[in-house]
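Please read the structure below before turning to the comments.
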Amino acid sequence: MGTLLIDKLLQTVVNQKASDLHIAVGQPPVIRLDGRMRRLETKVLEPDDTVALMKSITPERCQQELQEVGGTDFGFAFGTAARFRVAIFKQRGCVGMVLRRIPNEFMTFEQLMLPKVCADLIMRPRGLFLVTGPTGSGKSTSLASMINYLNESIDHHIITIEDPIEFYHQHKRCTVNQREIGVDVPSFPEAIRRALRMDPDVILVGEMRDLETIEAAITAAETGHVVFGTLHTTGAEGTVNRIIDVFPTTQQEQIRVQLSTSIIAVLSQQLLPKIGGGRIAAHEMLVVTPAIANLIRENKTFRITSSIQTGAKYGMQLMDDTLFKLWKSGICAKEEVMMKSNKPDELQVRIARAEKGLMEEEDEQGEGDKPGRNGGKGH
């Protein structure tokens, strides 16, 4: 019963291009489509149903972990249609599951609307490249796209350290070794330390959760490797502060110095629903110039945001400028961009000004097609 049903449900997720499937007792299966939760028109699930569904896809070792600690994660392939990252857990004594769809095809930088400067930055011989944003903001997709770009452009040895492995990479021009935490290697810090002995050019660290992992990643970046890492932070300034704050006060001075020499960029992203369906990513891009490295070293991170604003010539962009453009070009609704804004009050003023300006221009010339660069970038 379980296998039959799960295949049908996963096929629905793939067909509708949903991002997640939620299985919980007491309601029908639910899919997340363009960020919204929708119930499927099927039966309400009983405790036996969710157990059967869980057993039909969960490896033995994970079923054991579920019994022992009440939760487990793993990745699995649904034929050639897609891969899924699965989180299984207990709630009120019953089994629940969330399955995240990982597409099989890689998207290009253009499709993802990644800042153009990314292509140059990831070709650097060493340094730390951070991709940040809330859960489900497409970090894995952006990173997979960057790894794939390297894989198609240059002959490198790439090691990915993931929990669990999400996108599968074939060896193209690069040799790609993917190691899964709990299957191939016990922990992130251990995996990074071992990776350094495996003659890598690029190391991808799936999650920089704790001091040990962050320390290992910075060291790897300093010793002549490109290290990609992800953090659940919003904005470039917040990301730099978060890394430093993980360390005890006595070490912070030293970490500032290390970070300032090793970090090359921070890409922050969020996903927004588009008007008319689908989703789009908005990005903030910090490129670490010598001036910004100085700010990090001297503990003046509060000046990073204004440096991004004046750093357009280096390919930098602020989240709120990107959001403003998405609203102005009619791609996203005002409410949606406001919700994702770092400084909603300022963005609101800017949008109100633009609305007024657009109205006036339309009155004057009846074209409304050539609005001025509204208070954004001209400094």
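Just remember, in the structure tokens the first chain shown is A, the second B, etc., residues are 1-based per chain, and ligands are 1-based in the order shown.
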Using the chain letters and numbers from this document, which residues of range 247-296 of chain A does DSSP assign to alpha helix (DSSP H), as a list in words?
-> Thr249, Thr250, Gln251, Gln252, Glu253, Gln254, Ile255, Arg256, Val257, Gln258, Leu259, Ser260, Thr261, Ser262, Pro290, Ala291, Ile292, Ala293, Asn294, Leu295 and Ile296 of chain A
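For the set A:Glu360, A:Glu190, A:Glu284, A:Glu166, the residue with the smallest atom-to-atom gap to Arg101 in chain A is A:Glu166, counting only C-alpha atoms.
One finds CA of Phe106 in chain A at 5.7 Å from CA of Ser145 in chain A.
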Tell me, as an MDAnalysis selection string, which residues lie within 12 Å of range 56-61 of chain A, counting only C-alpha atoms; anything in the same chain fewer than 2 positions away does not count.
-> chainID A and resid 1:7 10 49:54 63:68 71:78 84:89 97 99 182:183
What lies within 12 Å of range 115-124 of chain A using only C-alpha atoms, ignoring chain neighbours under 4 positions off, as a PyMOL selection string?
-> chain A and resi 108-111+128-131+142-143+145-151+153-156+201-204+221+224-228+262-269+281-289+312-319+322
Excluding same-chain residues fewer than 4 positions from range 174-180 of chain A, what lies within 7 Å of it counting only C-alpha atoms, as number ranges by chain?
-> A: 151, 154-165, 169-170, 184-185
Running DSSP on the backbone, which parts of range 117-256 of chain A land in strand (DSSP E or B), as a PDB file with N, CA, C and O atoms, in the first residue's frame?
ATOM      1  N   GLY A 127      39.635  31.195  -1.357  1.00  0.00           N
ATOM      2  CA  GLY A 127      38.766  32.108  -0.614  1.00  0.00           C
ATOM      3  C   GLY A 127      37.436  31.487  -0.257  1.00  0.00           C
ATOM      4  O   GLY A 127      37.061  30.428  -0.750  1.00  0.00           O
ATOM      5  N   LEU A 128      36.726  32.190   0.629  1.00  0.00           N
ATOM      6  CA  LEU A 128      35.453  31.708   1.156  1.00  0.00           C
ATOM      7  C   LEU A 128      34.311  32.436   0.458  1.00  0.00           C
ATOM      8  O   LEU A 128      34.249  33.668   0.471  1.00  0.00           O
ATOM      9  N   PHE A 129      33.422  31.681  -0.163  1.00  0.00           N
ATOM     10  CA  PHE A 129      32.263  32.243  -0.860  1.00  0.00           C
ATOM     11  C   PHE A 129      31.018  31.757  -0.109  1.00  0.00           C
ATOM     12  O   PHE A 129      30.736  30.566  -0.091  1.00  0.00           O
ATOM     13  N   LEU A 130      30.290  32.685   0.531  1.00  0.00           N
ATOM     14  CA  LEU A 130      29.141  32.294   1.348  1.00  0.00           C
ATOM     15  C   LEU A 130      27.822  32.553   0.629  1.00  0.00           C
ATOM     16  O   LEU A 130      27.638  33.611   0.024  1.00  0.00           O
ATOM     17  N   VAL A 131      26.924  31.585   0.699  1.00  0.00           N
ATOM     18  CA  VAL A 131      25.579  31.759   0.167  1.00  0.00           C
ATOM     19  C   VAL A 131      24.639  31.667   1.357  1.00  0.00           C
ATOM     20  O   VAL A 131      24.640  30.672   2.082  1.00  0.00           O
ATOM     21  N   THR A 132      23.861  32.726   1.601  1.00  0.00           N
ATOM     22  CA  THR A 132      23.060  32.772   2.822  1.00  0.00           C
ATOM     23  C   THR A 132      21.604  33.106   2.518  1.00  0.00           C
ATOM     24  O   THR A 132      21.278  33.585   1.438  1.00  0.00           O
ATOM     25  N   HIS A 157      39.402  19.529  -8.872  1.00  0.00           N
ATOM     26  CA  HIS A 157      38.870  18.486  -7.997  1.00  0.00           C
ATOM     27  C   HIS A 157      37.924  19.163  -7.013  1.00  0.00           C
ATOM     28  O   HIS A 157      38.341  20.031  -6.247  1.00  0.00           O
ATOM     29  N   ILE A 158      36.656  18.791  -7.072  1.00  0.00           N
ATOM     30  CA  ILE A 158      35.634  19.388  -6.207  1.00  0.00           C
ATOM     31  C   ILE A 158      35.186  18.344  -5.190  1.00  0.00           C
ATOM     32  O   ILE A 158      34.871  17.206  -5.558  1.00  0.00           O
ATOM     33  N   ILE A 159      35.171  18.727  -3.918  1.00  0.00           N
ATOM     34  CA  ILE A 159      34.641  17.838  -2.879  1.00  0.00           C
ATOM     35  C   ILE A 159      33.426  18.526  -2.269  1.00  0.00           C
ATOM     36  O   ILE A 159      33.509  19.687  -1.854  1.00  0.00           O
ATOM     37  N   THR A 160      32.291  17.838  -2.244  1.00  0.00           N
ATOM     38  CA  THR A 160      31.131  18.414  -1.557  1.00  0.00           C
ATOM     39  C   THR A 160      30.890  17.612  -0.281  1.00  0.00           C
ATOM     40  O   THR A 160      31.055  16.390  -0.268  1.00  0.00           O
ATOM     41  N   ILE A 161      30.531  18.329   0.785  1.00  0.00           N
ATOM     42  CA  ILE A 161      30.249  17.705   2.080  1.00  0.00           C
ATOM     43  C   ILE A 161      28.829  18.118   2.432  1.00  0.00           C
ATOM     44  O   ILE A 161      28.562  19.304   2.640  1.00  0.00           O
ATOM     45  N   GLU A 162      27.914  17.154   2.423  1.00  0.00           N
ATOM     46  CA  GLU A 162      26.499  17.513   2.536  1.00  0.00           C
ATOM     47  C   GLU A 162      25.761  16.616   3.528  1.00  0.00           C
ATOM     48  O   GLU A 162      26.192  15.512   3.815  1.00  0.00           O
ATOM     49  N   THR A 175      36.681  16.441 -11.454  1.00  0.00           N
ATOM     50  CA  THR A 175      36.397  15.240 -10.667  1.00  0.00           C
ATOM     51  C   THR A 175      35.585  15.719  -9.467  1.00  0.00           C
ATOM     52  O   THR A 175      36.021  16.631  -8.761  1.00  0.00           O
ATOM     53  N   VAL A 176      34.397  15.154  -9.280  1.00  0.00           N
ATOM     54  CA  VAL A 176      33.540  15.595  -8.173  1.00  0.00           C
ATOM     55  C   VAL A 176      33.310  14.434  -7.210  1.00  0.00           C
ATOM     56  O   VAL A 176      32.748  13.412  -7.595  1.00  0.00           O
ATOM     57  N   ASN A 177      33.771  14.583  -5.986  1.00  0.00           N
ATOM     58  CA  ASN A 177      33.504  13.597  -4.940  1.00  0.00           C
ATOM     59  C   ASN A 177      32.520  14.187  -3.942  1.00  0.00           C
ATOM     60  O   ASN A 177      32.761  15.266  -3.414  1.00  0.00           O
ATOM     61  N   GLN A 178      31.419  13.474  -3.725  1.00  0.00           N
ATOM     62  CA  GLN A 178      30.387  13.975  -2.826  1.00  0.00           C
ATOM     63  C   GLN A 178      30.312  13.075  -1.595  1.00  0.00           C
ATOM     64  O   GLN A 178      30.117  11.872  -1.713  1.00  0.00           O
ATOM     65  N   ARG A 179      30.470  13.670  -0.416  1.00  0.00           N
ATOM     66  CA  ARG A 179      30.496  12.890   0.820  1.00  0.00           C
ATOM     67  C   ARG A 179      29.313  13.272   1.689  1.00  0.00           C
ATOM     68  O   ARG A 179      29.058  14.445   1.918  1.00  0.00           O
ATOM     69  N   GLU A 180      28.612  12.241   2.150  1.00  0.00           N
ATOM     70  CA  GLU A 180      27.415  12.492   2.959  1.00  0.00           C
ATOM     71  C   GLU A 180      27.718  12.268   4.435  1.00  0.00           C
ATOM     72  O   GLU A 180      28.300  11.253   4.814  1.00  0.00           O
ATOM     73  N   ILE A 181      27.312  13.260   5.251  1.00  0.00           N
ATOM     74  CA  ILE A 181      27.514  13.154   6.703  1.00  0.00           C
ATOM     75  C   ILE A 181      26.686  11.980   7.228  1.00  0.00           C
ATOM     76  O   ILE A 181      25.516  11.836   6.877  1.00  0.00           O
ATOM     77  N   VAL A 185      31.159   9.985   6.148  1.00  0.00           N
ATOM     78  CA  VAL A 185      32.055  10.679   7.080  1.00  0.00           C
ATOM     79  C   VAL A 185      31.206  11.146   8.275  1.00  0.00           C
ATOM     80  O   VAL A 185      30.024  11.473   8.093  1.00  0.00           O
ATOM     81  N   VAL A 202      38.281  22.820  -4.794  1.00  0.00           N
ATOM     82  CA  VAL A 202      37.043  23.443  -4.317  1.00  0.00           C
ATOM     83  C   VAL A 202      36.394  22.519  -3.288  1.00  0.00           C
ATOM     84  O   VAL A 202      36.300  21.308  -3.510  1.00  0.00           O
ATOM     85  N   ILE A 203      35.957  23.101  -2.167  1.00  0.00           N
ATOM     86  CA  ILE A 203      35.248  22.327  -1.146  1.00  0.00           C
ATOM     87  C   ILE A 203      33.912  23.014  -0.891  1.00  0.00           C
ATOM     88  O   ILE A 203      33.870  24.217  -0.635  1.00  0.00           O
ATOM     89  N   LEU A 204      32.836  22.247  -0.969  1.00  0.00           N
ATOM     90  CA  LEU A 204      31.531  22.796  -0.634  1.00  0.00           C
ATOM     91  C   LEU A 204      31.112  22.259   0.734  1.00  0.00           C
ATOM     92  O   LEU A 204      31.076  21.050   0.943  1.00  0.00           O
ATOM     93  N   VAL A 205      30.854  23.178   1.672  1.00  0.00           N
ATOM     94  CA  VAL A 205      30.429  22.789   3.017  1.00  0.00           C
ATOM     95  C   VAL A 205      28.940  23.069   3.130  1.00  0.00           C
ATOM     96  O   VAL A 205      28.518  24.222   3.192  1.00  0.00           O
ATOM     97  N   VAL A 226      39.110  27.123  -2.812  1.00  0.00           N
ATOM     98  CA  VAL A 226      37.850  27.867  -2.816  1.00  0.00           C
ATOM     99  C   VAL A 226      36.876  27.063  -1.966  1.00  0.00           C
ATOM    100  O   VAL A 226      36.679  25.868  -2.197  1.00  0.00           O
ATOM    101  N   VAL A 227      36.297  27.718  -0.960  1.00  0.00           N
ATOM    102  CA  VAL A 227      35.347  27.031  -0.083  1.00  0.00           C
ATOM    103  C   VAL A 227      33.984  27.712  -0.216  1.00  0.00           C
ATOM    104  O   VAL A 227      33.860  28.922  -0.043  1.00  0.00           O
ATOM    105  N   PHE A 228      32.965  26.919  -0.577  1.00  0.00           N
ATOM    106  CA  PHE A 228      31.590  27.415  -0.587  1.00  0.00           C
ATOM    107  C   PHE A 228      30.939  26.999   0.720  1.00  0.00           C
ATOM    108  O   PHE A 228      31.076  25.844   1.130  1.00  0.00           O
ATOM    109  N   GLY A 229      30.235  27.906   1.363  1.00  0.00           N
ATOM    110  CA  GLY A 229      29.532  27.539   2.588  1.00  0.00           C
ATOM    111  C   GLY A 229      28.164  28.187   2.614  1.00  0.00           C
ATOM    112  O   GLY A 229      27.930  29.181   1.922  1.00  0.00           O
ATOM    113  N   THR A 230      27.251  27.615   3.411  1.00  0.00           N
ATOM    114  CA  THR A 230      25.941  28.255   3.555  1.00  0.00           C
ATOM    115  C   THR A 230      25.670  28.565   5.020  1.00  0.00           C
ATOM    116  O   THR A 230      26.127  27.860   5.907  1.00  0.00           O
ATOM    117  N   LEU A 231      24.936  29.648   5.240  1.00  0.00           N
ATOM    118  CA  LEU A 231      24.499  30.041   6.581  1.00  0.00           C
ATOM    119  C   LEU A 231      23.054  30.510   6.480  1.00  0.00           C
ATOM    120  O   LEU A 231      22.646  31.054   5.460  1.00  0.00           O
TER     121      LEU A 231
END
For CA of Pro186 in chain A and CA of Leu21 in chain A, quote the distance in Å rounded to one decimal.
->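 Taking CA of Pro186 in chain A as the start and CA of Leu21 in chain A as the end point, the length is 28.3 Å.
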Find, counting only C-alpha atoms, the residue in A:Val98, A:Val44, A:Val349, A:Thr80 that gets nearest to His22 in chain A.
-> A:Val98
Extract, using only C-alpha atoms, all DNA, RNA and protein residues at most 10 Å from Glu41 in chain A, discarding same-chain residues fewer than 5 positions from it, and format them as a PyMOL selection string.
-> chain A and resi 28-30
Mind checking which residues fall within 12 Å of Arg350 in chain A, counting only C-alpha atoms, ignoring those fewer than 3 positions away in the same chain, and posting them as a list of chain:residue names?
->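 Counting only C-alpha atoms, the residues come to A:Asp320, A:Asp321, A:Leu323, A:Phe324, A:Lys325, A:Trp327, A:Lys328, A:Lys334, A:Met338, A:Lys343, A:Pro344, A:Asp345, A:Glu346, A:Leu347, A:Arg353, A:Ala354, A:Glu355, A:Lys356, A:Gly357, A:Arg373, A:Asn374, A:Gly375, A:Gly376.
Separating CA of Gly235 in chain A from CA of Thr301 in chain A is a distance of 11.8 Å.
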Give the answer as one residue: which of A:Arg100, A:Arg303, A:Lys172, A:Arg126 has the shortest atom-to-atom distance to Ser19 in chain A, using only C-alpha atoms?
->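 Ranked by minimum distance to Ser19 in chain A, first place goes to A:Arg100.
Of the listed residues A:Ala291, A:Ile280, A:Val69, A:Ile23, the one whose atoms come nearest to Ile304 in chain A is A:Ala291, with distances taken using only C-alpha atoms.
Distance annotation: of A:Ile192, A:Gln258, A:Gly93, A:Ile102, the residue with the minimal separation from Gly138 in chain A is A:Ile102; atom set is only C-alpha atoms.
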